[in-house]
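> If you scroll down you'll find the structure; I have some questions about it.
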Amino acid sequence: MRVTDLLTMAIRNLFKRKLRTFLTVLAVIFGATCIIVMISLGVAVNMNFEQQMADMGHRALRINIHRPWQQSPDHINTLDDDVVRRINEISYVHIATPLLNSSLNVVSGRYVANLQIVGIKPEAMEPLGMIPMEGHSFTDSDELQMVFGSQVPSRFMNPRNQQGNNWMMGMMGIETTVDLLSLPLRASYRHEFGQPPPPGGAPPGQGSAAIRPYIINGVGILDPGDGMDWQMMSSTFMPLEQVQRIEEDRQRWQDQQGGGPQMGGMWMDSQGNFGFIMDTNEGFDQIIVLVNSASDVRPAVAALEEMGINPDMMWYDAMIVTGQMETTENLQTMLLAIGVVSLVISAIGIMNTMVMSIYERTKEIGVMKVIGATVKDVRRLFLLEASMIGAMGGVLGLAVSALISFGLNSLEGFELFATTPAWMPAQTAGYISFIPLWLYVLGFVFSIAVGLISGFLPARRATRISALAAIRTD
Amino acid sequence: MSEKPEIVIQLKNVRKVYPMGDEKIVALDDVNLEFHKGKIYCLLGVSGSGKSTLLNIIAGLEKPTKGEIVFKGHNIHKMNEKKLASFRQRYIGFVFQQYNLMPTLSALENTTLPLIFRKVPKRVRNQKARKMLKAVGLGKRLRNKPSQMSGGQQQRVSIARAFVNDPQVVFAAESTGNLDTKTTKEMMDLILGMAKTHNQTLILVTHNLELSRYCDHVIHIRDGKIEKIEDVADKIEVGAEEETEERPEGDINE
């Protein structure tokens with residue numbers, strides 16, 4: 001039999017029993033829709049994930065580990081060189097580098113600013129995406145050096161001018177510039193450094209002449225990149241060893257002032273636990289871990305936890321996105337289960353329909369054989385009918401899926417994944433569900449396959465019907 | 001008798017046994033027959049005489065337990081399913097008792113069915129089928145579905161279908177049993193006419209003695225054995241009355 005003839009015959013046979021065909025097709029539609037929508041959710045999440053990861057650039061690959069503010073017997077409490085070394089041994093980790101925080105009052109000519117200082121290993125800057133747009137990175141010189149975040153110059157203000165810092169002046173239309181790179185800067189850890197003396201004169205024992213300020217060279221200003229990395233844009237970076245030295249100086253000075261270890265304040269977590277924040281200078285304030293690729297974030301976090309890093313002390317931008325992924329995975333598992341069950345049921349439905357049709361058409365099949373149909377013709381006819389039910393279900397299932405997908409995507413402000421913490425900028429998911437071309441093809445092929453598989457047994461049964469059945473008179 | 005036409009089918013020592021539980025039922029026992037080209041045969045016998053089995057075996061629908069069937073040089077008893085199918089496509093036409101048309105196909109499509117299985121292109125087969133349907137008087141009913149036709153019309157489609165592939169042998173199994181006497185006669189005339197025109201061998205299977213009058217040779221079967229072979233051409237001169245006495249009552253409407 002020619003394929004066109006087979007097709008015509010199969011279509012005629014299916015249309016002979018419209019309702020039954022329709023009901024069987026309906027089951028396939030349901031199963032196919034479940035599975036296609038499930039996959040489309042996964043596709044959308046992966047797409048958003050990749051998009052957001054791409055948007056984040058370097059930050060997507062970053063895991064920040066903070067100094068624990070609470071002693072915990074189960075976790076590492078001090079971030080020291082040994083911890084950094086062990087993290088660097090984790091296979092997902094590209095580089096792990098410590099950061100040390102400090103703050104300095106910095107004076108440049110008439111301007112002064114209290115700057116957040118971050119001590120960093122010079123070799124870690126480039127891998128972390130800290131590229132100077134003006135000047136250059138740290139040199140090997142022993143002189144004190146600073147590289148500024150792009151926002152730092154606007155932090156400076158003229159203390160004799162009460163209107164505010166340069167940023168606020170800029171907002172008011174008053175252009176001020178501070179040249180941080182060409183002139184040496186003076187800096188001190190004392191708060192009052194560079195400020196005009198209070199009306200009553202300098203407080204006793206804290207005369208500004210008492211301590212010599214540091215002389216520092218500003219060497220570069222960092223490129224803000226996509227303008228999303230606030231820590232990088234607003235911090236001032238110095239080589240780690242230099243910050244360590246300054247911190248030692250500060251400690252010595254504080255001890256001279258008669259202050260012991262200080263209570264920094266209180267902490268409270270979301271469960272309502274609270275305690276005092278440790279103010280210890282042991283170890284680093286932060287370790288930045290850079291993994292090799294976006295997919296390494298989660299395994300790297302797992303490895304870090306394994307190592308003993310307190311998970312509460314870890315923060316990574318990819319966290320939000322991976323959280324979404326987990327929620328979607330749960331939803332997907334559910335839809336997959338429904339989809340598989342309904343596809344199995346629809347396969348049984350097709351089988352049942354085909355077997356019924358064989359019972360009804362026993363004589364017809366016999367006649368076909370007597371007239372000259374081969375076993376192959378009969379088998380192909382029944383397989384074709386079964387796979388056409390599958391194909392129709394597939395096409396309609398795809399149409400329904402496309403509608404559902406469109407509906408999900410156009411629900412404005414609908415948060416399917418309410419995992420974004422309220423204090424984070426809202427993550428605008430591009431799509432909730434997305435059906436790429438390959439999914440249309442796959443859905444169609446898969447539905448036909450379901451039809452073919454479930455048509456296999458009935459078709460074999462049909463081929464076994466004796467040609468004699470046609471001649472027998474009942 | 002001296003110048004007999006060529007032999008189309010030859011049966012040699014054909015035996016067919018059906019296992020029935022522990023017992024064996026012998027449906028055909030040592031049957032030897034010859035069918036000649038262009039002749040009309042009638043397989044006559046009561047129910048269970050083995051005539052249907054004989055027909056099935058000749059048509060290659062069933063395999064004999066023993067013996068040979070040679071159809072124009074082909075050993076049918078040795079063929080597999082696939083070869084049998086193509087053998088039927090080429091050489092055999094069937095007229096069924098209950099028409100057995102495909103309900104989803106039109107008269108034209110039903111007629112083309114044997115050609116469809118033979119992979120004949122649509123244009124060619126439609127042409128042939130149209131000619132056939134015209135020959136059986138259904139030239140204006142090509143597009144009708146079986147459900148839109150009377151019994152007689154359906155039978156005509158069935159006849160057109162049997163002859164469309166220009167077969168060597170046409171089998172007709174109780175082919176007119178469902179129709180009234182007048183229509184039966186029309187159908188018989190139609191089948192005989194077509195077989196004669198194309199010099200085809202026609203084998204009728206019936207338990208209706210009336211129909212045996214149309215035949216050249218009547219093969220009587222009883223208990224799986226050939227009882228006798230009559231030459232009807234001689235009989236008709238003797239008179240039909242004798243024969244009709246033996247006819248069981250109500251056969252036509254059975």
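Chain labels run A, B, ... following the order of the structure tokens; each chain numbers its residues from 1, and ligands are numbered from 1 in the order shown.
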Within 6 Å of chain A, which residues of chain B come that close, and what is the closest atom pair and distance in Å for each? Count only C-alpha atoms and give it as a Markdown table.

```
| residue | atom | partner | partner_atom | distance |
| --- | --- | --- | --- | --- |
| B:Lys82 | CA | A:Thr374 | CA | 5.9 |
| B:Ala85 | CA | A:Gly372 | CA | 4.8 |
| B:Arg88 | CA | A:Gly372 | CA | 5.3 |
| B:Gln89 | CA | A:Gly372 | CA | 4.5 |
| B:Thr104 | CA | A:Arg12 | CA | 6.0 |
| B:Pro114 | CA | A:Ile371 | CA | 5.6 |
| B:Ile116 | CA | A:Met1 | CA | 5.9 |
| B:Phe117 | CA | A:Met1 | CA | 4.8 |
| B:Lys119 | CA | A:Met1 | CA | 5.2 |
```
> Would you mind listing what lies within 7 Å of stretch 12-18 of chain B as a list of chain:residue names, with only C-alpha atoms counted and same-chain residues fewer than 4 positions away left out?
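The contact residues come out as B:Lys24, B:Ile25, B:Val26, B:Ala27, B:Leu28, B:Asp29, B:Asp30, B:Val31, B:Asn32, B:Leu33, B:Pro64, B:Thr65, B:Lys66, B:Gly67, B:Glu68, B:Ile69.
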> For those residues, write N, CA and C atoms to a file as a PDB file, in the first residue's frame.

```pdb
ATOM      1  N   LYS B  24      -9.779 -35.866  15.693  1.00  0.00           N
ATOM      2  CA  LYS B  24      -9.388 -35.157  14.489  1.00  0.00           C
ATOM      3  C   LYS B  24     -10.536 -35.237  13.504  1.00  0.00           C
ATOM      4  N   ILE B  25     -10.843 -34.055  12.942  1.00  0.00           N
ATOM      5  CA  ILE B  25     -11.934 -34.046  11.973  1.00  0.00           C
ATOM      6  C   ILE B  25     -11.332 -33.914  10.583  1.00  0.00           C
ATOM      7  N   VAL B  26     -11.643 -34.854   9.752  1.00  0.00           N
ATOM      8  CA  VAL B  26     -11.117 -34.817   8.394  1.00  0.00           C
ATOM      9  C   VAL B  26     -12.094 -34.021   7.534  1.00  0.00           C
ATOM     10  N   ALA B  27     -11.650 -32.816   7.138  1.00  0.00           N
ATOM     11  CA  ALA B  27     -12.525 -31.948   6.351  1.00  0.00           C
ATOM     12  C   ALA B  27     -12.407 -32.275   4.868  1.00  0.00           C
ATOM     13  N   LEU B  28     -11.207 -32.574   4.443  1.00  0.00           N
ATOM     14  CA  LEU B  28     -10.990 -32.964   3.048  1.00  0.00           C
ATOM     15  C   LEU B  28     -10.135 -34.226   3.051  1.00  0.00           C
ATOM     16  N   ASP B  29     -10.501 -35.135   2.186  1.00  0.00           N
ATOM     17  CA  ASP B  29      -9.778 -36.411   2.185  1.00  0.00           C
ATOM     18  C   ASP B  29      -9.402 -36.786   0.755  1.00  0.00           C
ATOM     19  N   ASP B  30      -8.144 -36.683   0.457  1.00  0.00           N
ATOM     20  CA  ASP B  30      -7.601 -37.110  -0.826  1.00  0.00           C
ATOM     21  C   ASP B  30      -8.365 -36.521  -2.015  1.00  0.00           C
ATOM     22  N   VAL B  31      -8.364 -35.223  -2.098  1.00  0.00           N
ATOM     23  CA  VAL B  31      -9.091 -34.548  -3.173  1.00  0.00           C
ATOM     24  C   VAL B  31      -8.167 -34.302  -4.366  1.00  0.00           C
ATOM     25  N   ASN B  32      -8.590 -34.734  -5.515  1.00  0.00           N
ATOM     26  CA  ASN B  32      -7.861 -34.451  -6.752  1.00  0.00           C
ATOM     27  C   ASN B  32      -8.805 -33.744  -7.702  1.00  0.00           C
ATOM     28  N   LEU B  33      -8.389 -32.543  -8.100  1.00  0.00           N
ATOM     29  CA  LEU B  33      -9.275 -31.760  -8.967  1.00  0.00           C
ATOM     30  C   LEU B  33      -8.459 -30.962  -9.972  1.00  0.00           C
ATOM     31  N   PRO B  64      -3.209 -26.789   3.319  1.00  0.00           N
ATOM     32  CA  PRO B  64      -3.639 -28.188   3.438  1.00  0.00           C
ATOM     33  C   PRO B  64      -2.724 -28.931   4.415  1.00  0.00           C
ATOM     34  N   THR B  65      -3.279 -29.969   5.023  1.00  0.00           N
ATOM     35  CA  THR B  65      -2.448 -30.800   5.893  1.00  0.00           C
ATOM     36  C   THR B  65      -1.479 -31.610   5.042  1.00  0.00           C
ATOM     37  N   LYS B  66      -1.958 -31.975   3.897  1.00  0.00           N
ATOM     38  CA  LYS B  66      -1.159 -32.794   2.988  1.00  0.00           C
ATOM     39  C   LYS B  66      -1.582 -32.488   1.559  1.00  0.00           C
ATOM     40  N   GLY B  67      -0.726 -32.722   0.620  1.00  0.00           N
ATOM     41  CA  GLY B  67      -1.097 -32.556  -0.776  1.00  0.00           C
ATOM     42  C   GLY B  67      -0.547 -31.284  -1.396  1.00  0.00           C
ATOM     43  N   GLU B  68      -0.828 -31.119  -2.691  1.00  0.00           N
ATOM     44  CA  GLU B  68      -0.285 -29.979  -3.423  1.00  0.00           C
ATOM     45  C   GLU B  68      -1.395 -29.215  -4.117  1.00  0.00           C
ATOM     46  N   ILE B  69      -1.199 -27.887  -4.180  1.00  0.00           N
ATOM     47  CA  ILE B  69      -2.081 -27.059  -4.989  1.00  0.00           C
ATOM     48  C   ILE B  69      -1.183 -26.264  -5.928  1.00  0.00           C
TER      49      ILE B  69
END
```
> Using only C-alpha atoms, determine which residues lie at most 9 Å from B:Gly50, disregarding the query and same-chain residues fewer than 4 positions distant; provide the list as a PDB file with N, CA and C atoms, in the first residue's frame.

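Output (around_10.pdb):
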```
ATOM      1  N   VAL B  26     -11.643 -34.854   9.752  1.00  0.00           N
ATOM      2  CA  VAL B  26     -11.117 -34.817   8.394  1.00  0.00           C
ATOM      3  C   VAL B  26     -12.094 -34.021   7.534  1.00  0.00           C
ATOM      4  N   ALA B  27     -11.650 -32.816   7.138  1.00  0.00           N
ATOM      5  CA  ALA B  27     -12.525 -31.948   6.351  1.00  0.00           C
ATOM      6  C   ALA B  27     -12.407 -32.275   4.868  1.00  0.00           C
ATOM      7  N   LEU B  28     -11.207 -32.574   4.443  1.00  0.00           N
ATOM      8  CA  LEU B  28     -10.990 -32.964   3.048  1.00  0.00           C
ATOM      9  C   LEU B  28     -10.135 -34.226   3.051  1.00  0.00           C
ATOM     10  N   GLY B  45     -22.500 -28.754  -2.004  1.00  0.00           N
ATOM     11  CA  GLY B  45     -22.518 -29.698  -0.897  1.00  0.00           C
ATOM     12  C   GLY B  45     -23.251 -29.094   0.270  1.00  0.00           C
ATOM     13  N   VAL B  46     -23.691 -29.916   1.189  1.00  0.00           N
ATOM     14  CA  VAL B  46     -24.410 -29.418   2.352  1.00  0.00           C
ATOM     15  C   VAL B  46     -23.413 -28.819   3.331  1.00  0.00           C
ATOM     16  N   LEU B  54     -12.413 -26.415   1.055  1.00  0.00           N
ATOM     17  CA  LEU B  54     -11.802 -26.569  -0.266  1.00  0.00           C
ATOM     18  C   LEU B  54     -11.559 -25.200  -0.908  1.00  0.00           C
ATOM     19  N   LEU B  55     -12.555 -24.340  -0.825  1.00  0.00           N
ATOM     20  CA  LEU B  55     -12.417 -22.997  -1.378  1.00  0.00           C
ATOM     21  C   LEU B  55     -11.260 -22.250  -0.726  1.00  0.00           C
ATOM     22  N   ILE B 221     -19.612 -32.424  -3.302  1.00  0.00           N
ATOM     23  CA  ILE B 221     -18.747 -32.825  -2.191  1.00  0.00           C
ATOM     24  C   ILE B 221     -19.607 -33.388  -1.083  1.00  0.00           C
ATOM     25  N   ARG B 222     -19.119 -34.493  -0.525  1.00  0.00           N
ATOM     26  CA  ARG B 222     -19.799 -35.039   0.648  1.00  0.00           C
ATOM     27  C   ARG B 222     -18.746 -35.627   1.578  1.00  0.00           C
ATOM     28  N   ASP B 223     -18.813 -35.239   2.812  1.00  0.00           N
ATOM     29  CA  ASP B 223     -17.897 -35.743   3.845  1.00  0.00           C
ATOM     30  C   ASP B 223     -16.428 -35.626   3.439  1.00  0.00           C
ATOM     31  N   GLY B 224     -16.114 -34.508   2.820  1.00  0.00           N
ATOM     32  CA  GLY B 224     -14.718 -34.249   2.490  1.00  0.00           C
ATOM     33  C   GLY B 224     -14.215 -34.976   1.265  1.00  0.00           C
ATOM     34  N   LYS B 225     -15.130 -35.625   0.557  1.00  0.00           N
ATOM     35  CA  LYS B 225     -14.692 -36.340  -0.640  1.00  0.00           C
ATOM     36  C   LYS B 225     -15.467 -35.857  -1.848  1.00  0.00           C
TER      37      LYS B 225
END
```
> Could you give me, as a PyMOL selection string, the residues within 12 Å of A:Arg461, counting only C-alpha atoms and dropping anything in the same chain fewer than 5 positions from it?
chain A and resi 351+354-359+361-362+365+375+378-379+382-383+455-456+466
> For the alpha helix (DSSP H) assignment from backbone DSSP, which residues of stretch 77-172 of chain B qualify? Please present them as an MDAnalysis selection string.
chainID B and resid 81:91 107:117 122:135 151:163
> Tell me which protein, DNA and RNA residues are within 12 Å of A:Leu180, counting only C-alpha atoms, leaving out same-chain ones fewer than 3 positions away, and put them as number ranges by chain.
A: 106-113, 134-135, 145-150, 152-156, 177, 183-186, 216-221, 236
> Can you list every residue in stretch 212-245 of chain A that DSSP puts in strand (DSSP E), as a list in words?
Tyr214, Ile215, Ile216, Asn217, Gly218, Val219, Gly220, Ile221, Leu222, Thr236, Phe237, Met238 and Pro239 of chain A
> Could you write those residues out with N, CA and C atoms, as an mmCIF file, in the first residue's frame?

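Printed below is again-v3.cif as written:
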```cif
data_model
loop_
_atom_site.group_PDB
_atom_site.id
_atom_site.type_symbol
_atom_site.label_atom_id
_atom_site.label_comp_id
_atom_site.auth_asym_id
_atom_site.auth_seq_id
_atom_site.Cartn_x
_atom_site.Cartn_y
_atom_site.Cartn_z
ATOM 1 N N TYR A 214 49.126 59.202 58.034
ATOM 2 C CA TYR A 214 49.754 58.423 56.960
ATOM 3 C C TYR A 214 49.775 59.268 55.700
ATOM 4 N N ILE A 215 50.860 59.120 54.932
ATOM 5 C CA ILE A 215 50.913 59.768 53.621
ATOM 6 C C ILE A 215 50.655 58.674 52.586
ATOM 7 N N ILE A 216 49.629 58.873 51.784
ATOM 8 C CA ILE A 216 49.170 57.800 50.888
ATOM 9 C C ILE A 216 49.108 58.308 49.458
ATOM 10 N N ASN A 217 49.512 57.458 48.497
ATOM 11 C CA ASN A 217 49.366 57.786 47.080
ATOM 12 C C ASN A 217 48.077 57.172 46.529
ATOM 13 N N GLY A 218 47.235 58.028 45.981
ATOM 14 C CA GLY A 218 46.098 57.475 45.232
ATOM 15 C C GLY A 218 46.586 57.056 43.860
ATOM 16 N N VAL A 219 46.408 55.781 43.515
ATOM 17 C CA VAL A 219 46.978 55.332 42.240
ATOM 18 C C VAL A 219 45.940 55.087 41.162
ATOM 19 N N GLY A 220 44.706 54.809 41.542
ATOM 20 C CA GLY A 220 43.739 54.508 40.473
ATOM 21 C C GLY A 220 42.301 54.628 40.936
ATOM 22 N N ILE A 221 41.401 54.770 39.990
ATOM 23 C CA ILE A 221 39.960 54.750 40.267
ATOM 24 C C ILE A 221 39.356 53.621 39.439
ATOM 25 N N LEU A 222 38.537 52.818 40.111
ATOM 26 C CA LEU A 222 38.034 51.613 39.447
ATOM 27 C C LEU A 222 36.873 51.909 38.502
ATOM 28 N N THR A 236 37.275 51.892 49.243
ATOM 29 C CA THR A 236 38.626 52.285 48.861
ATOM 30 C C THR A 236 39.529 51.101 49.172
ATOM 31 N N PHE A 237 40.308 50.712 48.211
ATOM 32 C CA PHE A 237 41.093 49.491 48.382
ATOM 33 C C PHE A 237 42.551 49.825 48.659
ATOM 34 N N MET A 238 43.107 49.006 49.545
ATOM 35 C CA MET A 238 44.532 49.132 49.841
ATOM 36 C C MET A 238 45.098 47.722 49.891
ATOM 37 N N PRO A 239 46.413 47.587 49.668
ATOM 38 C CA PRO A 239 47.005 46.258 49.796
ATOM 39 C C PRO A 239 46.771 45.722 51.206
#
```
